[in-house]
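A.B. asks: What follows is final.cif; its format and atoms are mmCIF, C-alpha atoms and all ligand atoms.
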data_entry
#
loop_
_atom_site.label_atom_id
_atom_site.label_comp_id
_atom_site.auth_asym_id
_atom_site.auth_seq_id
_atom_site.Cartn_x
_atom_site.Cartn_y
_atom_site.Cartn_z
CA MET A 98 84.33 100.97 126.98
CA THR A 99 84.87 102.74 123.70
CA VAL A 100 84.20 101.73 120.11
CA LEU A 101 86.99 102.28 117.60
CA VAL A 102 85.52 103.19 114.21
CA THR A 103 87.91 103.03 111.27
CA GLY A 104 86.73 105.10 108.33
CA GLY A 105 84.45 107.07 110.62
CA ALA A 106 84.80 110.15 108.41
CA GLY A 107 83.25 108.31 105.46
CA TYR A 108 79.63 108.02 104.38
CA ILE A 109 78.49 104.92 106.26
CA GLY A 110 81.04 105.18 109.08
CA SER A 111 79.96 108.72 109.95
CA HIS A 112 76.32 107.63 110.22
CA VAL A 113 77.24 104.74 112.49
CA VAL A 114 79.28 107.14 114.64
CA LEU A 115 76.20 109.38 114.98
CA ALA A 116 74.01 106.41 115.94
CA LEU A 117 76.55 105.29 118.56
CA LEU A 118 76.90 108.77 120.04
CA ASP A 119 73.15 109.37 120.02
CA ARG A 120 72.64 106.40 122.31
CA GLY A 121 75.56 107.35 124.57
CA ASP A 122 78.40 105.08 123.40
CA LYS A 123 81.93 106.45 123.48
CA VAL A 124 83.65 106.56 120.10
CA VAL A 125 87.13 107.08 118.73
CA VAL A 126 87.49 107.49 114.97
CA LEU A 127 90.60 106.46 113.03
CA ASP A 128 90.62 107.79 109.47
CA ASP A 129 93.38 108.85 107.08
CA LEU A 130 91.01 111.36 105.39
CA SER A 131 91.97 110.00 101.95
CA THR A 132 88.29 110.00 101.00
CA GLY A 133 86.58 110.86 104.28
CA ASN A 134 85.51 114.31 105.35
CA ARG A 135 86.71 115.60 108.73
CA ALA A 136 83.70 117.94 108.92
CA GLN A 137 81.39 114.92 108.98
CA VAL A 138 82.95 113.52 112.15
CA ASP A 139 80.80 114.58 115.07
CA SER A 140 82.69 116.73 117.58
CA ARG A 141 81.69 114.40 120.44
CA THR A 142 84.19 111.79 119.19
CA ALA A 143 87.93 111.55 119.69
CA PHE A 144 89.50 111.76 116.23
CA VAL A 145 92.83 110.26 115.17
CA GLU A 146 94.14 110.93 111.69
CA GLY A 147 96.19 107.93 110.66
CA ASP A 148 96.61 104.69 108.80
CA ILE A 149 94.76 101.52 109.84
CA ALA A 150 97.90 99.55 108.89
CA ASP A 151 100.00 101.41 111.47
CA GLY A 152 99.94 98.66 114.09
CA ALA A 153 101.69 100.69 116.79
CA LEU A 154 99.20 103.52 116.36
CA VAL A 155 96.20 101.18 116.44
CA GLN A 156 97.46 99.47 119.60
CA ARG A 157 98.11 102.84 121.25
CA VAL A 158 94.62 104.15 120.38
CA ILE A 159 93.04 100.95 121.72
CA ALA A 160 94.96 101.20 125.00
CA GLU A 161 94.47 104.94 125.48
CA HIS A 162 90.72 104.83 124.86
CA ASP A 163 89.94 101.51 126.52
CA VAL A 164 88.52 100.15 123.25
CA ASP A 165 86.47 96.94 123.52
CA ALA A 166 85.16 96.71 119.94
CA VAL A 167 86.28 97.74 116.47
CA LEU A 168 83.92 98.71 113.65
CA HIS A 169 85.95 98.59 110.44
CA PHE A 170 84.69 100.75 107.57
CA ALA A 171 87.95 102.11 106.16
CA GLY A 172 88.57 100.87 102.64
CA SER A 173 88.18 101.55 98.94
CA ILE A 174 84.69 101.09 97.54
CA VAL A 175 84.43 102.03 93.87
CA VAL A 176 83.91 98.86 91.82
CA PRO A 177 85.14 100.22 88.41
CA ASP A 178 88.27 101.64 90.10
CA SER A 179 88.95 98.19 91.55
CA VAL A 180 88.84 96.74 88.03
CA ALA A 181 91.25 99.40 86.73
CA ASP A 182 93.62 99.28 89.72
CA PRO A 183 93.15 95.94 91.49
CA LEU A 184 96.45 95.96 93.36
CA ARG A 185 95.53 99.21 95.11
CA TYR A 186 92.27 97.53 96.21
CA TYR A 187 94.04 94.43 97.48
CA ASP A 188 96.43 96.69 99.34
CA ASN A 189 93.84 98.99 100.92
CA ASN A 190 91.16 96.42 101.62
CA VAL A 191 93.12 93.25 102.36
CA VAL A 192 96.74 94.01 103.21
CA LYS A 193 95.90 96.99 105.43
CA SER A 194 92.91 95.26 106.98
CA ARG A 195 95.12 92.29 107.84
CA ALA A 196 97.53 94.62 109.63
CA LEU A 197 94.62 96.24 111.48
CA LEU A 198 93.28 92.87 112.52
CA GLU A 199 96.66 91.77 113.82
CA ALA A 200 96.97 94.94 115.93
CA VAL A 201 93.41 94.52 117.21
CA ILE A 202 94.08 90.92 118.27
CA LYS A 203 97.44 91.83 119.84
CA ALA A 204 95.78 94.63 121.78
CA GLY A 205 93.28 92.11 123.20
CA VAL A 206 90.10 93.46 121.55
CA ARG A 207 87.67 90.61 121.04
CA GLN A 208 84.83 92.16 119.05
CA PHE A 209 85.03 93.20 115.44
CA ILE A 210 82.39 94.34 112.94
CA PHE A 211 83.22 94.29 109.28
CA SER A 212 81.62 96.08 106.31
CA SER A 213 81.06 93.51 103.59
CA THR A 214 78.96 93.62 100.47
CA ALA A 215 76.11 91.98 98.58
CA THR A 216 78.48 91.62 95.64
CA VAL A 217 80.15 88.60 97.29
CA TYR A 218 77.26 86.51 95.90
CA ALA A 219 77.40 84.81 92.51
CA PRO A 220 75.54 86.91 89.91
CA ASP A 221 73.32 83.94 89.00
CA ALA A 222 72.46 82.91 92.58
CA PRO A 223 68.68 82.79 93.07
CA GLN A 224 67.05 85.96 94.48
CA PRO A 225 66.34 87.01 97.16
CA LEU A 226 69.80 86.16 98.42
CA ALA A 227 70.11 84.38 101.76
CA GLU A 228 73.47 84.46 103.51
CA ASP A 229 74.28 80.91 102.43
CA ALA A 230 73.60 81.62 98.73
CA GLN A 231 76.41 80.72 96.39
CA LYS A 232 79.40 83.08 96.48
CA GLY A 233 81.04 84.28 93.29
CA PRO A 234 82.43 87.80 93.51
CA ILE A 235 83.16 89.18 90.05
CA SER A 236 85.00 92.43 90.82
CA PRO A 237 88.33 92.87 92.60
CA TYR A 238 86.43 95.00 95.14
CA ALA A 239 84.02 92.17 95.95
CA ARG A 240 86.86 89.66 96.12
CA THR A 241 88.72 91.80 98.67
CA LYS A 242 85.59 91.79 100.82
CA LEU A 243 85.09 88.03 100.62
CA MET A 244 88.79 87.51 101.38
CA MET A 245 88.36 89.59 104.52
CA GLU A 246 85.34 87.52 105.54
CA TRP A 247 87.50 84.38 105.21
CA MET A 248 90.38 86.02 107.06
CA LEU A 249 88.04 86.91 109.92
CA GLU A 250 86.66 83.36 110.06
CA ASP A 251 90.17 81.93 110.29
CA ALA A 252 91.34 84.53 112.82
CA ALA A 253 88.25 83.97 114.96
CA ARG A 254 88.96 80.23 114.99
CA ALA A 255 92.55 80.78 116.09
CA HIS A 256 92.16 83.68 118.54
CA ALA A 257 89.78 85.02 121.15
CA LEU A 258 88.01 87.16 118.57
CA ARG A 259 84.35 87.22 117.54
CA PHE A 260 83.14 89.13 114.51
CA VAL A 261 80.02 90.11 112.63
CA ALA A 262 80.27 90.70 108.88
CA LEU A 263 77.42 92.78 107.49
CA ARG A 264 76.76 92.43 103.77
CA TYR A 265 75.40 95.75 102.58
CA PHE A 266 72.96 95.96 99.70
CA ASN A 267 72.44 99.42 98.11
CA VAL A 268 73.00 102.00 100.80
CA ALA A 269 71.49 105.43 100.20
CA GLY A 270 69.96 108.47 101.90
CA ALA A 271 71.27 110.70 104.66
CA ASP A 272 70.89 111.45 108.35
CA ALA A 273 67.38 112.81 109.06
CA ARG A 274 68.87 115.73 111.00
CA GLY A 275 71.18 116.67 108.13
CA ARG A 276 74.38 115.94 110.06
CA SER A 277 75.92 113.66 107.44
CA GLY A 278 75.34 112.30 103.95
CA GLN A 279 77.14 111.05 100.87
CA SER A 280 79.71 113.66 99.92
CA GLY A 281 82.19 112.10 97.49
CA PRO A 282 82.43 114.44 94.48
CA GLN A 283 82.86 111.56 92.01
CA ALA A 284 79.88 109.59 93.23
CA THR A 285 78.66 106.82 90.97
CA HIS A 286 75.66 105.59 92.96
CA LEU A 287 72.20 105.91 91.47
CA ILE A 288 70.37 107.87 94.17
CA LYS A 289 73.28 110.27 94.67
CA ARG A 290 73.56 110.84 90.89
CA ALA A 291 69.78 111.26 90.60
CA ALA A 292 69.88 113.89 93.37
CA GLN A 293 72.71 115.69 91.58
CA ALA A 294 70.74 115.63 88.31
CA ALA A 295 67.57 116.85 90.05
CA LEU A 296 69.47 119.85 91.43
CA GLY A 297 71.13 120.64 88.09
CA ARG A 298 74.62 119.76 89.34
CA ILE A 299 75.00 117.30 86.46
CA PRO A 300 73.12 117.70 83.16
CA HIS A 301 71.19 114.43 83.31
CA LEU A 302 71.03 110.98 84.87
CA ASP A 303 72.24 108.11 82.69
CA ILE A 304 70.10 105.01 82.81
CA PHE A 305 72.57 102.16 82.43
CA GLY A 306 70.66 99.49 80.53
CA THR A 307 67.01 99.18 79.56
CA ASP A 308 67.12 95.58 78.33
CA TYR A 309 67.62 93.68 81.57
CA PRO A 310 65.36 90.69 82.30
CA THR A 311 63.47 92.76 84.90
CA PRO A 312 59.84 94.01 84.87
CA ASP A 313 60.70 97.38 83.25
CA GLY A 314 64.07 96.45 81.71
CA THR A 315 66.19 98.50 84.14
CA GLY A 316 68.40 97.18 86.96
CA VAL A 317 66.73 96.18 90.21
CA ARG A 318 68.36 96.81 93.61
CA ASP A 319 67.49 96.61 97.29
CA TYR A 320 67.99 100.19 98.58
CA ILE A 321 68.54 100.54 102.33
CA HIS A 322 68.54 103.83 104.24
CA VAL A 323 71.96 104.50 105.75
CA SER A 324 70.42 105.13 109.19
CA ASP A 325 68.71 101.72 109.18
CA LEU A 326 72.05 100.23 108.21
CA ALA A 327 73.66 102.10 111.11
CA GLU A 328 71.09 100.53 113.44
CA ALA A 329 72.12 97.06 112.23
CA HIS A 330 75.68 97.85 113.38
CA LEU A 331 74.47 98.80 116.86
CA LEU A 332 72.55 95.54 117.12
CA ALA A 333 75.56 93.55 115.94
CA LEU A 334 77.73 95.34 118.50
CA ASP A 335 75.25 94.61 121.29
CA ALA A 336 75.08 90.96 120.25
CA LEU A 337 78.87 90.63 120.33
CA ARG A 338 79.07 92.44 123.66
CA SER A 339 76.58 89.96 125.11
CA GLY A 340 78.72 87.07 123.95
CA ALA A 341 77.17 86.11 120.60
CA ALA A 342 79.19 83.89 118.28
CA SER A 343 80.64 85.19 115.03
CA ASP A 344 78.12 85.55 112.25
CA THR A 345 77.30 87.17 108.92
CA TYR A 346 74.10 89.03 108.01
CA ASN A 347 72.54 90.57 104.94
CA CYS A 348 71.54 94.21 105.28
CA GLY A 349 68.71 95.16 102.96
CA TYR A 350 64.93 95.46 103.06
CA GLY A 351 64.27 92.46 100.83
CA CYS A 352 62.52 94.72 98.35
CA GLY A 353 63.66 95.18 94.75
CA LEU A 354 63.26 98.58 93.07
CA SER A 355 64.19 99.40 89.50
CA VAL A 356 66.13 102.39 88.19
CA ARG A 357 62.86 103.67 86.70
CA GLN A 358 61.11 103.37 90.08
CA VAL A 359 63.91 105.41 91.67
CA ILE A 360 63.49 108.06 88.95
CA GLU A 361 59.72 108.15 89.59
CA SER A 362 60.40 108.65 93.28
CA VAL A 363 62.76 111.56 92.57
CA GLU A 364 60.09 113.11 90.35
CA ARG A 365 57.43 112.65 93.08
CA VAL A 366 59.64 114.23 95.72
CA THR A 367 60.80 117.20 93.61
CA GLY A 368 57.57 117.62 91.60
CA LYS A 369 59.76 117.96 88.49
CA LYS A 370 60.69 115.78 85.55
CA LEU A 371 64.20 114.35 85.95
CA PRO A 372 66.42 114.73 82.87
CA VAL A 373 67.54 111.23 81.90
CA LYS A 374 69.48 109.68 79.05
CA LEU A 375 69.03 106.05 78.08
CA GLY A 376 72.31 104.23 77.65
CA PRO A 377 73.86 100.78 77.45
CA ARG A 378 74.42 98.48 80.41
CA ARG A 379 77.34 99.37 82.68
CA PRO A 380 79.93 96.57 82.57
CA GLY A 381 79.78 94.25 85.55
CA ASP A 382 76.26 95.24 86.70
CA PRO A 383 74.02 92.26 87.52
CA PRO A 384 70.33 92.66 86.59
CA THR A 385 68.97 92.15 90.11
CA LEU A 386 70.27 92.16 93.69
CA ILE A 387 67.72 91.60 96.46
CA SER A 388 68.47 90.53 99.99
CA ASP A 389 66.73 88.10 102.25
CA PRO A 390 67.09 89.99 105.56
CA THR A 391 65.23 87.37 107.64
CA ARG A 392 68.18 86.54 109.88
CA LEU A 393 69.05 90.17 110.62
CA LYS A 394 65.47 90.64 111.80
CA SER A 395 64.90 87.41 113.66
CA GLU A 396 68.35 86.96 115.23
CA LEU A 397 69.46 90.55 115.85
CA GLY A 398 65.98 92.08 116.22
CA TRP A 399 66.41 94.63 113.43
CA HIS A 400 63.30 96.74 112.69
CA PRO A 401 63.98 99.24 109.90
CA SER A 402 62.28 102.59 110.37
CA HIS A 403 63.13 104.36 107.10
CA ASP A 404 62.15 101.66 104.59
CA ASN A 405 60.44 104.01 102.20
CA LEU A 406 62.02 104.97 98.89
CA ASP A 407 60.61 108.51 98.87
CA GLU A 408 62.05 109.13 102.35
CA ILE A 409 65.46 107.85 101.21
CA VAL A 410 65.35 110.07 98.12
CA ARG A 411 64.12 113.12 100.10
CA SER A 412 66.96 112.81 102.61
CA ALA A 413 69.53 112.37 99.82
CA LEU A 414 68.19 115.49 98.07
CA GLU A 415 68.24 117.52 101.26
CA TRP A 416 71.83 116.55 101.94
CA GLU A 417 72.85 117.31 98.37
CA ARG A 418 71.32 120.79 98.64
CA ARG A 419 73.01 121.47 101.94
CA PHE A 420 76.36 119.90 101.11
CA ASN A 421 76.94 121.92 97.99
CA ALA A 422 75.37 125.09 99.31
N1 LIG A 501 72.59 103.15 87.63
C1 LIG A 501 72.14 103.94 86.58
N2 LIG A 501 72.66 105.18 86.46
C2 LIG A 501 73.62 105.71 87.30
C3 LIG A 501 74.07 104.88 88.37
C4 LIG A 501 73.54 103.61 88.50
O1 LIG A 501 71.27 103.52 85.81
O2 LIG A 501 74.08 106.84 87.10
C5 LIG A 501 72.00 101.81 87.85
C6 LIG A 501 73.00 100.66 87.86
O3 LIG A 501 73.19 100.17 86.55
C7 LIG A 501 72.31 99.66 88.79
C8 LIG A 501 71.58 100.56 89.78
O4 LIG A 501 71.44 101.82 89.14
O5 LIG A 501 71.31 98.93 88.09
C9 LIG A 501 72.33 100.74 91.10
O6 LIG A 501 73.65 101.15 90.80
P1 LIG A 501 74.60 101.79 91.90
O7 LIG A 501 75.84 102.28 91.20
O8 LIG A 501 73.84 102.79 92.70
O9 LIG A 501 74.93 100.60 92.88
P2 LIG A 501 75.54 99.13 92.59
O10 LIG A 501 74.36 98.21 92.60
O11 LIG A 501 76.27 99.17 91.29
O12 LIG A 501 76.43 98.92 93.76
#
Taking this structure as input, can you express it in the form of structure tokens?
Ligand code: UDP

C.D. replies:
Amino acid sequence: MTVLVTGGAGYIGSHVVLALLDRGDKVVVLDDLSTGNRAQVDSRTAFVEGDIADGALVQRVIAEHDVDAVLHFAGSIVVPDSVADPLRYYDNNVVKSRALLEAVIKAGVRQFIFSSTATVYAPDAPQPLAEDAQKGPISPYARTKLMMEWMLEDAARAHALRFVALRYFNVAGADARGRSGQSGPQATHLIKRAAQAALGRIPHLDIFGTDYPTPDGTGVRDYIHVSDLAEAHLLALDALRSGAASDTYNCGYGCGLSVRQVIESVERVTGKKLPVKLGPRRPGDPPTLISDPTRLKSELGWHPSHDNLDEIVRSALEWERRFNA
């Protein structure tokens, strides 16, 4: 039994690959290396460079490696890019994922785990967000993810397929042993940018908005360590392998932290003042996004072990130092 991981050379995919390998699962990675980094794919995996929409290739990989489950990370993830170039996002995230799903079903694989997002929820849904909170994706990126959730629901009703969709909140940090981290050069995420600013790789960190209806006026998010998120995937895989029905779970700690609190953490960890510049709100950013992770804990038995902002920030800084060294 082998797990096929699409996008296994990317940030989250590579951490899930490490978690799978560390517990002894066999893994084959399929990645076109458009944004992923081959060096971040652990050498214990089989690696196939190719397109998830190449049905013949996907079916061949599944047969050759005796794949029983697919973890699907490959896709485009930058929200502003999705606004500027929506058709590329619908192509990469929906059209190609549909082709992948068809090949997976044809090849007889019955277990599928999908990377979804907290941005499927309506911006004015009450916080913390439970899985059944009102949906209302506002970016093309978020819409592609919700479309895939619907596609999976329909496919699972029609075929012998069960899936888990995991809705990620704000994923950050890096592998504790320094084997992987966030490496995209054009990163837009707060903790990555803060680490770059702390190390002098960018002149300062922009604070996007100081007039939000939040305790200190800056945006509030639920930051989750990438290794705790990886653990959620292992639990979802185990649940599917033991016959669990299809389901969807939030992945976050249920704890809201502001941009200013993240900056304070960076300053605590480095012992230095972080250069910041106050600026206007970034278009499309909701004031607050906090998960209710009750079901992930009670139904899948998830116990996060890195739920500490300073630890997340420290690991992100260590990776940033190492990655650009
Ligand atoms: N943010 C910021 N400066 C940055 C990047 C992000 O102030 O350079 C803020 C952003 O407005 C939001 C929070 O940090 O309130 C998290 O943003 P990020 O891009 O990390 O994730 P998102 O929630 O947009 O997926």

A.B. asks: Mind giving me the straight-line distance from atom CA of Val323 of chain A to atom CA of His112 of chain A in Å, one decimal?

C.D. replies: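 Atom-to-atom, atom CA of Val323 of chain A to atom CA of His112 of chain A, that is 7.0 Å.
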
A.B. asks: Can you work out which residues are within 9 Å of ligand LIG 501 (chain A), considering all atoms listed in the file, and then hand them over as a PyMOL selection string?

C.D. replies: chain A and resi 175-176+214-216+266-269+284-291+301-307+315-320+355-357+359+375-376+378-386

A.B. asks: What is the atom CA of Ser343 of chain A to atom CA of Leu397 of chain A distance in Å?

C.D. replies: 12.4 Å

A.B. asks: Find the residues with any atom within 7 Å of (82.4, 87.3, 92.3); use only C-alpha atoms and the coordinates as given in the file, and write the answer as a PDB file with C-alpha atoms, in the coordinates of the input.

C.D. replies:
ATOM      1  CA  THR A 216      78.480  91.620  95.640  1.00  0.00           C
ATOM      2  CA  VAL A 217      80.150  88.600  97.290  1.00  0.00           C
ATOM      3  CA  TYR A 218      77.260  86.510  95.900  1.00  0.00           C
ATOM      4  CA  ALA A 219      77.400  84.810  92.510  1.00  0.00           C
ATOM      5  CA  LYS A 232      79.400  83.080  96.480  1.00  0.00           C
ATOM      6  CA  GLY A 233      81.040  84.280  93.290  1.00  0.00           C
ATOM      7  CA  PRO A 234      82.430  87.800  93.510  1.00  0.00           C
ATOM      8  CA  ILE A 235      83.160  89.180  90.050  1.00  0.00           C
ATOM      9  CA  SER A 236      85.000  92.430  90.820  1.00  0.00           C
ATOM     10  CA  ALA A 239      84.020  92.170  95.950  1.00  0.00           C
ATOM     11  CA  ARG A 240      86.860  89.660  96.120  1.00  0.00           C
TER      12      ARG A 240
END

A.B. asks: Provide the atom CA of Pro223 of chain A to atom CA of Thr391 of chain A distance in Å, to one decimal place.

C.D. replies: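 Going from atom CA of Pro223 of chain A over to atom CA of Thr391 of chain A covers 15.7 Å.
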
A.B. asks: Which residues, protein or nucleic acid, reach to within 9 Å of (84.5, 83.8, 120.2) in the file's coordinates when using only C-alpha atoms, and can you give that as a list in words?

C.D. replies: Arg207, Gln208, Ala253, Arg254, His256, Ala257, Leu258, Arg259, Phe260, Leu337, Gly340, Ala341, Ala342 and Ser343 of chain A

A.B. asks: Counting only C-alpha atoms, which of A:Glu396, A:Asp182, A:Asp165, A:Asp251 gets nearest to Gly205 of chain A?

C.D. replies: A:Asp165

A.B. asks: So which one's closest to Ser388 of chain A, A:Gly121, A:Pro225, A:Gly104, A:Gly270? Using only C-alpha atoms, please.

C.D. replies: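 Among the listed residues, A:Pro225 lies closest to Ser388 of chain A.
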
A.B. asks: Within 10 Å of segment 406-418 of chain A, counting all atoms listed in the file, which residues show up once you throw out same-chain ones fewer than 5 positions away? Write them as a short mmCIF file (atom, residue, chain, number, x, y, z; two decimals) with C-alpha atoms, in the coordinates of the input, please.

C.D. replies:
data_model
loop_
_atom_site.label_atom_id
_atom_site.label_comp_id
_atom_site.auth_asym_id
_atom_site.auth_seq_id
_atom_site.Cartn_x
_atom_site.Cartn_y
_atom_site.Cartn_z
CA VAL A 268 73.00 102.00 100.80
CA ALA A 269 71.49 105.43 100.20
CA GLY A 270 69.96 108.47 101.90
CA ALA A 271 71.27 110.70 104.66
CA ASP A 272 70.89 111.45 108.35
CA ALA A 273 67.38 112.81 109.06
CA ARG A 274 68.87 115.73 111.00
CA GLY A 275 71.18 116.67 108.13
CA ARG A 276 74.38 115.94 110.06
CA SER A 277 75.92 113.66 107.44
CA GLY A 278 75.34 112.30 103.95
CA GLN A 279 77.14 111.05 100.87
CA SER A 280 79.71 113.66 99.92
CA ILE A 288 70.37 107.87 94.17
CA LYS A 289 73.28 110.27 94.67
CA ARG A 290 73.56 110.84 90.89
CA ALA A 291 69.78 111.26 90.60
CA ALA A 292 69.88 113.89 93.37
CA GLN A 293 72.71 115.69 91.58
CA ALA A 295 67.57 116.85 90.05
CA LEU A 296 69.47 119.85 91.43
CA ARG A 298 74.62 119.76 89.34
CA TYR A 320 67.99 100.19 98.58
CA ILE A 321 68.54 100.54 102.33
CA HIS A 322 68.54 103.83 104.24
CA VAL A 323 71.96 104.50 105.75
CA SER A 324 70.42 105.13 109.19
CA LEU A 354 63.26 98.58 93.07
CA GLN A 358 61.11 103.37 90.08
CA VAL A 359 63.91 105.41 91.67
CA ILE A 360 63.49 108.06 88.95
CA GLU A 361 59.72 108.15 89.59
CA SER A 362 60.40 108.65 93.28
CA VAL A 363 62.76 111.56 92.57
CA GLU A 364 60.09 113.11 90.35
CA ARG A 365 57.43 112.65 93.08
CA VAL A 366 59.64 114.23 95.72
CA THR A 367 60.80 117.20 93.61
#

A.B. asks: Given the choices A:Pro377, A:Gly368, A:Gly152, A:Gly172, which gets closest to Gly110 of chain A if the distance is worked out from all atoms listed in the file?

C.D. replies: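 Closest candidate: A:Gly172.
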
A.B. asks: So which one's closest to Asp151 of chain A, A:Ile109, A:Ile174, A:Ala200, A:Ala166? Using all atoms listed in the file, please.

C.D. replies: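 Under the stated criterion, the closest residue is A:Ala200.
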
A.B. asks: Which residue is closest to Val155 of chain A? Choose from A:Leu184, A:Asn347, A:Ala116, A:Ala204 and count all atoms listed in the file.

C.D. replies: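 For Val155 of chain A, the nearest of the candidates is A:Ala204.
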
A.B. asks: Pick out the closest residue to Ser213 of chain A from this set: A:Ala255, A:Ile299, A:Cys348, A:Leu154. Count all atoms listed in the file.

C.D. replies: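 Selected residue with least distance to Ser213 of chain A: A:Cys348.
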